[in-house]
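Remarks on the structure that follows.
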Amino acid sequence: MISKAMLVSALLVMTVSIGVAHADDDDWVGFYTAIDALDGSVDHLSIVQNSDGTYDIRMTSSALALCTPDQTAGWIVATGRLVGGNLVRENVMFGCVGTDGMTPMADGTYTRDHETEILTIEGPLDRLNHYHPVHDD
């Protein structure tokens, strides 16, 4: 028979572990901004966690590289899920100002620097996009 002390210890470890995992999930949630080093466009990124543990990902850009032939303002919508400590962006669609409809694009993976909280993802044209958290911490 398991002693009460061992049972309480096991429950405490499980509770702390769940809290740590939940805290890691929350680290992705937020509002971010980026400036593209090649064209100077400004991006805004919103990541919101859904009740099922997935994420809603929304990004707007003042000049989305995928909007051709002229880079116009555009947006990206996607879902996300955690895989191996990174946020995988899936079901990705983009739209451009002045056009109808949305166009599918490749999935991607956000990585997060735990010290700076900067998110990085490979963007169009094989370049890295760095998103800085916008908060008052």
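Labeling convention for the structure tokens: chains A, B, ... as they appear, residues from 1 per chain, ligands from 1 in order of appearance.
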List every residue of range 108-136 of chain A that has an atom at most 9 Å from any atom of range 72-89 of chain A, and for each one report the closest atom pair and its distance in Å to one decimal, counting only C-alpha atoms, with rows sorted by chain and then by increasing residue number, as CSV.
```
residue,atom,partner,partner_atom,distance
A:Gly108,CA,A:Arg89,CA,5.1
A:Thr109,CA,A:Val88,CA,4.3
A:Tyr110,CA,A:Leu87,CA,5.1
A:Thr111,CA,A:Asn86,CA,5.2
A:Arg112,CA,A:Asn86,CA,7.2
```
Would you give me, as a PDB file with all heavy atoms, in the first residue's frame, the residues in range 44-86 of chain A that DSSP reads as strand (DSSP E or B)?
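Once written, states_4.pdb looks like this:
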```pdb
ATOM      1  N   HIS A  44       3.490  43.295 -37.571  1.00  0.00           N
ATOM      2  CA  HIS A  44       2.896  43.110 -36.244  1.00  0.00           C
ATOM      3  C   HIS A  44       2.375  41.683 -36.174  1.00  0.00           C
ATOM      4  O   HIS A  44       1.725  41.212 -37.114  1.00  0.00           O
ATOM      5  CB  HIS A  44       1.752  44.102 -36.009  1.00  0.00           C
ATOM      6  CG  HIS A  44       2.225  45.511 -35.960  1.00  0.00           C
ATOM      7  ND1 HIS A  44       2.010  46.398 -36.983  1.00  0.00           N
ATOM      8  CD2 HIS A  44       2.922  46.183 -35.020  1.00  0.00           C
ATOM      9  CE1 HIS A  44       2.548  47.560 -36.676  1.00  0.00           C
ATOM     10  NE2 HIS A  44       3.118  47.459 -35.490  1.00  0.00           N
ATOM     11  N   LEU A  45       2.661  40.997 -35.077  1.00  0.00           N
ATOM     12  CA  LEU A  45       2.327  39.583 -34.906  1.00  0.00           C
ATOM     13  C   LEU A  45       1.548  39.394 -33.614  1.00  0.00           C
ATOM     14  O   LEU A  45       1.958  39.892 -32.564  1.00  0.00           O
ATOM     15  CB  LEU A  45       3.618  38.759 -34.862  1.00  0.00           C
ATOM     16  CG  LEU A  45       3.518  37.280 -34.505  1.00  0.00           C
ATOM     17  CD1 LEU A  45       2.792  36.501 -35.601  1.00  0.00           C
ATOM     18  CD2 LEU A  45       4.916  36.707 -34.288  1.00  0.00           C
ATOM     19  N   SER A  46       0.432  38.691 -33.696  1.00  0.00           N
ATOM     20  CA  SER A  46      -0.377  38.369 -32.520  1.00  0.00           C
ATOM     21  C   SER A  46      -0.479  36.856 -32.397  1.00  0.00           C
ATOM     22  O   SER A  46      -0.815  36.173 -33.375  1.00  0.00           O
ATOM     23  CB  SER A  46      -1.778  38.973 -32.663  1.00  0.00           C
ATOM     24  OG  SER A  46      -2.622  38.521 -31.622  1.00  0.00           O
ATOM     25  N   ILE A  47      -0.188  36.340 -31.196  1.00  0.00           N
ATOM     26  CA  ILE A  47      -0.314  34.903 -30.926  1.00  0.00           C
ATOM     27  C   ILE A  47      -1.225  34.742 -29.714  1.00  0.00           C
ATOM     28  O   ILE A  47      -0.953  35.303 -28.640  1.00  0.00           O
ATOM     29  CB  ILE A  47       1.051  34.252 -30.661  1.00  0.00           C
ATOM     30  CG1 ILE A  47       1.971  34.424 -31.870  1.00  0.00           C
ATOM     31  CG2 ILE A  47       0.870  32.766 -30.309  1.00  0.00           C
ATOM     32  CD1 ILE A  47       3.395  33.921 -31.655  1.00  0.00           C
ATOM     33  N   VAL A  48      -2.310  33.991 -29.889  1.00  0.00           N
ATOM     34  CA  VAL A  48      -3.300  33.772 -28.842  1.00  0.00           C
ATOM     35  C   VAL A  48      -3.505  32.271 -28.682  1.00  0.00           C
ATOM     36  O   VAL A  48      -3.672  31.554 -29.678  1.00  0.00           O
ATOM     37  CB  VAL A  48      -4.638  34.449 -29.206  1.00  0.00           C
ATOM     38  CG1 VAL A  48      -5.699  34.166 -28.159  1.00  0.00           C
ATOM     39  CG2 VAL A  48      -4.447  35.948 -29.406  1.00  0.00           C
ATOM     40  N   GLN A  49      -3.506  31.807 -27.447  1.00  0.00           N
ATOM     41  CA  GLN A  49      -3.724  30.375 -27.209  1.00  0.00           C
ATOM     42  C   GLN A  49      -5.216  30.075 -27.158  1.00  0.00           C
ATOM     43  O   GLN A  49      -5.991  30.798 -26.525  1.00  0.00           O
ATOM     44  CB  GLN A  49      -3.060  29.939 -25.909  1.00  0.00           C
ATOM     45  CG  GLN A  49      -3.084  28.439 -25.730  1.00  0.00           C
ATOM     46  CD  GLN A  49      -2.260  27.974 -24.544  1.00  0.00           C
ATOM     47  OE1 GLN A  49      -1.961  28.736 -23.650  1.00  0.00           O
ATOM     48  NE2 GLN A  49      -1.881  26.713 -24.562  1.00  0.00           N
ATOM     49  N   TYR A  55      -2.896  27.406 -31.164  1.00  0.00           N
ATOM     50  CA  TYR A  55      -2.726  28.854 -31.171  1.00  0.00           C
ATOM     51  C   TYR A  55      -3.327  29.458 -32.431  1.00  0.00           C
ATOM     52  O   TYR A  55      -3.294  28.843 -33.498  1.00  0.00           O
ATOM     53  CB  TYR A  55      -1.231  29.215 -31.136  1.00  0.00           C
ATOM     54  CG  TYR A  55      -0.569  28.804 -29.845  1.00  0.00           C
ATOM     55  CD1 TYR A  55      -0.112  27.504 -29.673  1.00  0.00           C
ATOM     56  CD2 TYR A  55      -0.413  29.703 -28.798  1.00  0.00           C
ATOM     57  CE1 TYR A  55       0.495  27.115 -28.488  1.00  0.00           C
ATOM     58  CE2 TYR A  55       0.184  29.323 -27.612  1.00  0.00           C
ATOM     59  CZ  TYR A  55       0.636  28.024 -27.471  1.00  0.00           C
ATOM     60  OH  TYR A  55       1.224  27.633 -26.288  1.00  0.00           O
ATOM     61  N   ASP A  56      -3.861  30.671 -32.304  1.00  0.00           N
ATOM     62  CA  ASP A  56      -4.244  31.499 -33.443  1.00  0.00           C
ATOM     63  C   ASP A  56      -3.081  32.438 -33.693  1.00  0.00           C
ATOM     64  O   ASP A  56      -2.617  33.115 -32.777  1.00  0.00           O
ATOM     65  CB  ASP A  56      -5.490  32.326 -33.140  1.00  0.00           C
ATOM     66  CG  ASP A  56      -6.765  31.607 -33.495  1.00  0.00           C
ATOM     67  OD1 ASP A  56      -6.751  30.773 -34.402  1.00  0.00           O
ATOM     68  OD2 ASP A  56      -7.794  31.907 -32.854  1.00  0.00           O
ATOM     69  N   ILE A  57      -2.614  32.488 -34.920  1.00  0.00           N
ATOM     70  CA  ILE A  57      -1.488  33.345 -35.291  1.00  0.00           C
ATOM     71  C   ILE A  57      -1.971  34.302 -36.372  1.00  0.00           C
ATOM     72  O   ILE A  57      -2.528  33.867 -37.388  1.00  0.00           O
ATOM     73  CB  ILE A  57      -0.305  32.500 -35.807  1.00  0.00           C
ATOM     74  CG1 ILE A  57       0.159  31.530 -34.714  1.00  0.00           C
ATOM     75  CG2 ILE A  57       0.830  33.408 -36.279  1.00  0.00           C
ATOM     76  CD1 ILE A  57       1.154  30.490 -35.193  1.00  0.00           C
ATOM     77  N   ARG A  58      -1.765  35.588 -36.145  1.00  0.00           N
ATOM     78  CA  ARG A  58      -2.149  36.635 -37.090  1.00  0.00           C
ATOM     79  C   ARG A  58      -0.978  37.585 -37.262  1.00  0.00           C
ATOM     80  O   ARG A  58      -0.393  38.044 -36.286  1.00  0.00           O
ATOM     81  CB  ARG A  58      -3.358  37.429 -36.591  1.00  0.00           C
ATOM     82  CG  ARG A  58      -4.581  36.584 -36.247  1.00  0.00           C
ATOM     83  CD  ARG A  58      -5.258  36.084 -37.513  1.00  0.00           C
ATOM     84  NE  ARG A  58      -6.452  35.321 -37.223  1.00  0.00           N
ATOM     85  CZ  ARG A  58      -6.516  34.003 -37.261  1.00  0.00           C
ATOM     86  NH1 ARG A  58      -5.444  33.301 -37.539  1.00  0.00           N
ATOM     87  NH2 ARG A  58      -7.630  33.375 -37.016  1.00  0.00           N
ATOM     88  N   MET A  59      -0.623  37.903 -38.501  1.00  0.00           N
ATOM     89  CA  MET A  59       0.469  38.827 -38.758  1.00  0.00           C
ATOM     90  C   MET A  59       0.040  39.802 -39.845  1.00  0.00           C
ATOM     91  O   MET A  59      -0.595  39.404 -40.829  1.00  0.00           O
ATOM     92  CB  MET A  59       1.715  38.059 -39.216  1.00  0.00           C
ATOM     93  CG  MET A  59       3.001  38.883 -39.261  1.00  0.00           C
ATOM     94  SD  MET A  59       3.268  39.858 -40.735  1.00  0.00           S
ATOM     95  CE  MET A  59       3.652  38.620 -41.941  1.00  0.00           C
ATOM     96  N   THR A  60       0.353  41.082 -39.653  1.00  0.00           N
ATOM     97  CA  THR A  60       0.158  42.086 -40.693  1.00  0.00           C
ATOM     98  C   THR A  60       1.519  42.664 -41.047  1.00  0.00           C
ATOM     99  O   THR A  60       2.409  42.739 -40.206  1.00  0.00           O
ATOM    100  CB  THR A  60      -0.779  43.224 -40.246  1.00  0.00           C
ATOM    101  OG1 THR A  60      -0.198  43.897 -39.128  1.00  0.00           O
ATOM    102  CG2 THR A  60      -2.154  42.693 -39.892  1.00  0.00           C
ATOM    103  N   SER A  61       1.670  43.082 -42.293  1.00  0.00           N
ATOM    104  CA  SER A  61       2.926  43.662 -42.755  1.00  0.00           C
ATOM    105  C   SER A  61       2.617  44.886 -43.604  1.00  0.00           C
ATOM    106  O   SER A  61       1.682  44.868 -44.413  1.00  0.00           O
ATOM    107  CB  SER A  61       3.714  42.646 -43.582  1.00  0.00           C
ATOM    108  OG  SER A  61       4.912  43.231 -44.061  1.00  0.00           O
ATOM    109  N   GLY A  74       0.001  43.425 -46.451  1.00  0.00           N
ATOM    110  CA  GLY A  74      -0.620  42.110 -46.486  1.00  0.00           C
ATOM    111  C   GLY A  74      -0.740  41.530 -45.104  1.00  0.00           C
ATOM    112  O   GLY A  74      -0.361  42.163 -44.109  1.00  0.00           O
ATOM    113  N   TRP A  75      -1.265  40.332 -45.030  1.00  0.00           N
ATOM    114  CA  TRP A  75      -1.470  39.678 -43.749  1.00  0.00           C
ATOM    115  C   TRP A  75      -1.324  38.176 -43.897  1.00  0.00           C
ATOM    116  O   TRP A  75      -1.443  37.631 -44.988  1.00  0.00           O
ATOM    117  CB  TRP A  75      -2.834  40.042 -43.164  1.00  0.00           C
ATOM    118  CG  TRP A  75      -3.979  39.637 -44.039  1.00  0.00           C
ATOM    119  CD1 TRP A  75      -4.695  38.476 -43.968  1.00  0.00           C
ATOM    120  CD2 TRP A  75      -4.528  40.370 -45.142  1.00  0.00           C
ATOM    121  NE1 TRP A  75      -5.658  38.442 -44.952  1.00  0.00           N
ATOM    122  CE2 TRP A  75      -5.579  39.602 -45.679  1.00  0.00           C
ATOM    123  CE3 TRP A  75      -4.244  41.606 -45.722  1.00  0.00           C
ATOM    124  CZ2 TRP A  75      -6.332  40.026 -46.763  1.00  0.00           C
ATOM    125  CZ3 TRP A  75      -5.003  42.024 -46.808  1.00  0.00           C
ATOM    126  CH2 TRP A  75      -6.027  41.235 -47.309  1.00  0.00           C
ATOM    127  N   ILE A  76      -1.035  37.536 -42.784  1.00  0.00           N
ATOM    128  CA  ILE A  76      -0.916  36.081 -42.715  1.00  0.00           C
ATOM    129  C   ILE A  76      -1.796  35.598 -41.570  1.00  0.00           C
ATOM    130  O   ILE A  76      -1.811  36.204 -40.491  1.00  0.00           O
ATOM    131  CB  ILE A  76       0.548  35.654 -42.474  1.00  0.00           C
ATOM    132  CG1 ILE A  76       1.422  36.013 -43.684  1.00  0.00           C
ATOM    133  CG2 ILE A  76       0.645  34.159 -42.159  1.00  0.00           C
ATOM    134  CD1 ILE A  76       2.913  35.784 -43.479  1.00  0.00           C
ATOM    135  N   VAL A  77      -2.535  34.522 -41.804  1.00  0.00           N
ATOM    136  CA  VAL A  77      -3.307  33.861 -40.756  1.00  0.00           C
ATOM    137  C   VAL A  77      -2.873  32.402 -40.717  1.00  0.00           C
ATOM    138  O   VAL A  77      -2.572  31.805 -41.757  1.00  0.00           O
ATOM    139  CB  VAL A  77      -4.836  33.980 -40.963  1.00  0.00           C
ATOM    140  CG1 VAL A  77      -5.275  35.425 -40.892  1.00  0.00           C
ATOM    141  CG2 VAL A  77      -5.264  33.368 -42.285  1.00  0.00           C
ATOM    142  N   ALA A  78      -2.825  31.843 -39.513  1.00  0.00           N
ATOM    143  CA  ALA A  78      -2.368  30.457 -39.365  1.00  0.00           C
ATOM    144  C   ALA A  78      -2.819  29.910 -38.020  1.00  0.00           C
ATOM    145  O   ALA A  78      -3.299  30.647 -37.153  1.00  0.00           O
ATOM    146  CB  ALA A  78      -0.843  30.398 -39.467  1.00  0.00           C
ATOM    147  N   THR A  79      -2.631  28.624 -37.874  1.00  0.00           N
ATOM    148  CA  THR A  79      -2.783  27.986 -36.568  1.00  0.00           C
ATOM    149  C   THR A  79      -1.390  27.564 -36.115  1.00  0.00           C
ATOM    150  O   THR A  79      -0.460  27.514 -36.929  1.00  0.00           O
ATOM    151  CB  THR A  79      -3.706  26.753 -36.640  1.00  0.00           C
ATOM    152  OG1 THR A  79      -3.170  25.820 -37.583  1.00  0.00           O
ATOM    153  CG2 THR A  79      -5.114  27.145 -37.049  1.00  0.00           C
ATOM    154  N   GLY A  80      -1.254  27.275 -34.847  1.00  0.00           N
ATOM    155  CA  GLY A  80       0.034  26.850 -34.337  1.00  0.00           C
ATOM    156  C   GLY A  80      -0.116  25.765 -33.290  1.00  0.00           C
ATOM    157  O   GLY A  80      -1.172  25.624 -32.675  1.00  0.00           O
ATOM    158  N   ARG A  81       0.975  25.016 -33.121  1.00  0.00           N
ATOM    159  CA  ARG A  81       1.023  24.006 -32.061  1.00  0.00           C
ATOM    160  C   ARG A  81       2.472  23.851 -31.628  1.00  0.00           C
ATOM    161  O   ARG A  81       3.405  24.076 -32.405  1.00  0.00           O
ATOM    162  CB  ARG A  81       0.423  22.677 -32.514  1.00  0.00           C
ATOM    163  CG  ARG A  81       1.161  22.019 -33.648  1.00  0.00           C
ATOM    164  CD  ARG A  81       0.435  20.758 -34.144  1.00  0.00           C
ATOM    165  NE  ARG A  81       1.078  20.243 -35.327  1.00  0.00           N
ATOM    166  CZ  ARG A  81       2.083  19.378 -35.338  1.00  0.00           C
ATOM    167  NH1 ARG A  81       2.539  18.884 -34.200  1.00  0.00           N
ATOM    168  NH2 ARG A  81       2.618  18.964 -36.464  1.00  0.00           N
ATOM    169  N   LEU A  82       2.640  23.488 -30.357  1.00  0.00           N
ATOM    170  CA  LEU A  82       3.982  23.313 -29.822  1.00  0.00           C
ATOM    171  C   LEU A  82       4.541  21.951 -30.214  1.00  0.00           C
ATOM    172  O   LEU A  82       3.868  20.934 -30.068  1.00  0.00           O
ATOM    173  CB  LEU A  82       3.972  23.427 -28.300  1.00  0.00           C
ATOM    174  CG  LEU A  82       3.661  24.814 -27.739  1.00  0.00           C
ATOM    175  CD1 LEU A  82       3.645  24.791 -26.220  1.00  0.00           C
ATOM    176  CD2 LEU A  82       4.671  25.834 -28.238  1.00  0.00           C
ATOM    177  N   VAL A  83       5.775  21.964 -30.725  1.00  0.00           N
ATOM    178  CA  VAL A  83       6.475  20.733 -31.086  1.00  0.00           C
ATOM    179  C   VAL A  83       7.929  20.906 -30.655  1.00  0.00           C
ATOM    180  O   VAL A  83       8.617  21.801 -31.142  1.00  0.00           O
ATOM    181  CB  VAL A  83       6.412  20.444 -32.604  1.00  0.00           C
ATOM    182  CG1 VAL A  83       7.237  19.221 -32.953  1.00  0.00           C
ATOM    183  CG2 VAL A  83       4.975  20.300 -33.078  1.00  0.00           C
ATOM    184  N   ASN A  86       9.198  24.406 -29.738  1.00  0.00           N
ATOM    185  CA  ASN A  86       9.019  25.460 -30.730  1.00  0.00           C
ATOM    186  C   ASN A  86       7.556  25.542 -31.131  1.00  0.00           C
ATOM    187  O   ASN A  86       6.790  24.599 -30.924  1.00  0.00           O
ATOM    188  CB  ASN A  86       9.875  25.193 -31.963  1.00  0.00           C
ATOM    189  CG  ASN A  86      11.353  25.241 -31.654  1.00  0.00           C
ATOM    190  OD1 ASN A  86      11.818  26.115 -30.939  1.00  0.00           O
ATOM    191  ND2 ASN A  86      12.097  24.287 -32.185  1.00  0.00           N
TER     192      ASN A  86
END
```
ask   = When distances are computed from only C-alpha atoms, which of A:Asn91, A:Ile118, A:Ser62, A:Pro69 shows the smallest separation from Asp39 in chain A?
value = A:Ser62
message = I need the residues in range 9-135 of chain A that are helix (DSSP H, G or I) according to DSSP; give them as an MDAnalysis selection string.
response = chainID A and resid 9:26 124:126
request  = Write out as a PyMOL selection string each polymer residue whose atoms come within 9 Å of Ala34 in chain A, counting only C-alpha atoms; drop sequence neighbours fewer than 2 positions from it.
outcome  = chain A and resi 32+36+41-45+129-132
Take the selection from the previous step and output its residues with all heavy atoms, as an mmCIF file, in the first residue's frame.
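Okay, result_26.cif is ready:
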```cif
data_model
loop_
_atom_site.group_PDB
_atom_site.id
_atom_site.type_symbol
_atom_site.label_atom_id
_atom_site.label_comp_id
_atom_site.auth_asym_id
_atom_site.auth_seq_id
_atom_site.Cartn_x
_atom_site.Cartn_y
_atom_site.Cartn_z
ATOM 1 N N TYR A 32 3.843 41.062 -30.890
ATOM 2 C CA TYR A 32 5.235 41.239 -31.283
ATOM 3 C C TYR A 32 5.318 42.197 -32.474
ATOM 4 O O TYR A 32 4.354 42.352 -33.222
ATOM 5 C CB TYR A 32 5.843 39.891 -31.704
ATOM 6 C CG TYR A 32 5.801 38.834 -30.645
ATOM 7 C CD1 TYR A 32 4.663 38.059 -30.439
ATOM 8 C CD2 TYR A 32 6.902 38.595 -29.835
ATOM 9 C CE1 TYR A 32 4.630 37.078 -29.455
ATOM 10 C CE2 TYR A 32 6.879 37.610 -28.854
ATOM 11 C CZ TYR A 32 5.733 36.867 -28.673
ATOM 12 O OH TYR A 32 5.695 35.895 -27.703
ATOM 13 N N ASP A 36 11.679 44.638 -41.143
ATOM 14 C CA ASP A 36 12.409 43.839 -42.116
ATOM 15 C C ASP A 36 13.707 44.546 -42.501
ATOM 16 O O ASP A 36 13.694 45.713 -42.901
ATOM 17 C CB ASP A 36 11.537 43.614 -43.349
ATOM 18 C CG ASP A 36 12.133 42.589 -44.283
ATOM 19 O OD1 ASP A 36 13.251 42.830 -44.789
ATOM 20 O OD2 ASP A 36 11.493 41.553 -44.510
ATOM 21 N N SER A 41 9.947 47.173 -44.117
ATOM 22 C CA SER A 41 8.534 47.005 -43.771
ATOM 23 C C SER A 41 8.393 46.680 -42.287
ATOM 24 O O SER A 41 9.298 46.149 -41.654
ATOM 25 C CB SER A 41 7.895 45.904 -44.621
ATOM 26 O OG SER A 41 8.516 44.655 -44.392
ATOM 27 N N VAL A 42 7.240 47.032 -41.747
ATOM 28 C CA VAL A 42 6.962 46.804 -40.333
ATOM 29 C C VAL A 42 5.902 45.716 -40.217
ATOM 30 O O VAL A 42 4.859 45.781 -40.876
ATOM 31 C CB VAL A 42 6.474 48.102 -39.646
ATOM 32 C CG1 VAL A 42 6.118 47.846 -38.194
ATOM 33 C CG2 VAL A 42 7.527 49.192 -39.779
ATOM 34 N N ASP A 43 6.192 44.717 -39.396
ATOM 35 C CA ASP A 43 5.264 43.610 -39.152
ATOM 36 C C ASP A 43 4.741 43.683 -37.728
ATOM 37 O O ASP A 43 5.477 44.061 -36.810
ATOM 38 C CB ASP A 43 5.965 42.257 -39.318
ATOM 39 C CG ASP A 43 6.442 41.983 -40.728
ATOM 40 O OD1 ASP A 43 6.122 42.768 -41.643
ATOM 41 O OD2 ASP A 43 7.143 40.973 -40.912
ATOM 42 N N HIS A 44 3.490 43.295 -37.571
ATOM 43 C CA HIS A 44 2.896 43.110 -36.244
ATOM 44 C C HIS A 44 2.375 41.683 -36.174
ATOM 45 O O HIS A 44 1.725 41.212 -37.114
ATOM 46 C CB HIS A 44 1.752 44.102 -36.009
ATOM 47 C CG HIS A 44 2.225 45.511 -35.960
ATOM 48 N ND1 HIS A 44 2.010 46.398 -36.983
ATOM 49 C CD2 HIS A 44 2.922 46.183 -35.020
ATOM 50 C CE1 HIS A 44 2.548 47.560 -36.676
ATOM 51 N NE2 HIS A 44 3.118 47.459 -35.490
ATOM 52 N N LEU A 45 2.661 40.997 -35.077
ATOM 53 C CA LEU A 45 2.327 39.583 -34.906
ATOM 54 C C LEU A 45 1.548 39.394 -33.614
ATOM 55 O O LEU A 45 1.958 39.892 -32.564
ATOM 56 C CB LEU A 45 3.618 38.759 -34.862
ATOM 57 C CG LEU A 45 3.518 37.280 -34.505
ATOM 58 C CD1 LEU A 45 2.792 36.501 -35.601
ATOM 59 C CD2 LEU A 45 4.916 36.707 -34.288
ATOM 60 N N ASN A 129 13.038 36.380 -40.013
ATOM 61 C CA ASN A 129 12.288 37.487 -39.441
ATOM 62 C C ASN A 129 12.373 37.362 -37.920
ATOM 63 O O ASN A 129 12.137 36.284 -37.368
ATOM 64 C CB ASN A 129 10.827 37.457 -39.886
ATOM 65 C CG ASN A 129 10.680 37.726 -41.365
ATOM 66 O OD1 ASN A 129 11.455 38.469 -41.952
ATOM 67 N ND2 ASN A 129 9.677 37.125 -41.978
ATOM 68 N N HIS A 130 12.711 38.466 -37.262
ATOM 69 C CA HIS A 130 12.858 38.492 -35.806
ATOM 70 C C HIS A 130 11.769 39.375 -35.210
ATOM 71 O O HIS A 130 11.705 40.571 -35.533
ATOM 72 C CB HIS A 130 14.241 39.024 -35.412
ATOM 73 C CG HIS A 130 15.366 38.266 -36.046
ATOM 74 N ND1 HIS A 130 15.721 37.003 -35.640
ATOM 75 C CD2 HIS A 130 16.184 38.587 -37.072
ATOM 76 C CE1 HIS A 130 16.729 36.583 -36.384
ATOM 77 N NE2 HIS A 130 17.020 37.528 -37.263
ATOM 78 N N TYR A 131 10.940 38.793 -34.355
ATOM 79 C CA TYR A 131 9.813 39.514 -33.749
ATOM 80 C C TYR A 131 10.125 39.789 -32.278
ATOM 81 O O TYR A 131 10.365 38.861 -31.511
ATOM 82 C CB TYR A 131 8.533 38.690 -33.877
ATOM 83 C CG TYR A 131 8.067 38.596 -35.309
ATOM 84 C CD1 TYR A 131 8.494 37.572 -36.142
ATOM 85 C CD2 TYR A 131 7.222 39.561 -35.834
ATOM 86 C CE1 TYR A 131 8.088 37.508 -37.467
ATOM 87 C CE2 TYR A 131 6.805 39.503 -37.154
ATOM 88 C CZ TYR A 131 7.242 38.475 -37.962
ATOM 89 O OH TYR A 131 6.843 38.417 -39.270
ATOM 90 N N HIS A 132 10.086 41.065 -31.930
ATOM 91 C CA HIS A 132 10.373 41.500 -30.565
ATOM 92 C C HIS A 132 9.069 41.630 -29.791
ATOM 93 O O HIS A 132 8.104 42.183 -30.301
ATOM 94 C CB HIS A 132 11.103 42.846 -30.572
ATOM 95 C CG HIS A 132 12.395 42.793 -31.323
ATOM 96 N ND1 HIS A 132 13.599 42.685 -30.685
ATOM 97 C CD2 HIS A 132 12.669 42.797 -32.653
ATOM 98 C CE1 HIS A 132 14.566 42.654 -31.586
ATOM 99 N NE2 HIS A 132 14.018 42.699 -32.793
#
```
query = Please, what distance in Å, to one decimal, runs between CA of Gly95 in chain A and CA of Asp27 in chain A?
reply = 27.4 Å
Coordinates-based distance that separates CA of Gly40 in chain A from CA of Leu66 in chain A (Å, one decimal) = 14.8 Å
request  = Please indicate the distance in Å from CA of Phe31 in chain A to CA of Thr116 in chain A, rounded to one decimal place.
outcome  =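 CA of Thr116 in chain A lies 14.3 Å from CA of Phe31 in chain A.
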Nearest candidate to Trp28 in chain A (options A:Leu128, A:Cys96, A:Pro104, A:Thr54; using only C-alpha atoms) =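 For Trp28 in chain A, the nearest of the given residues is A:Thr54.
Minimum distance to His114 in chain A across A:Leu38, A:Asp70, A:Pro133, A:Thr99 (counting only C-alpha atoms) occurs at A:Pro133.
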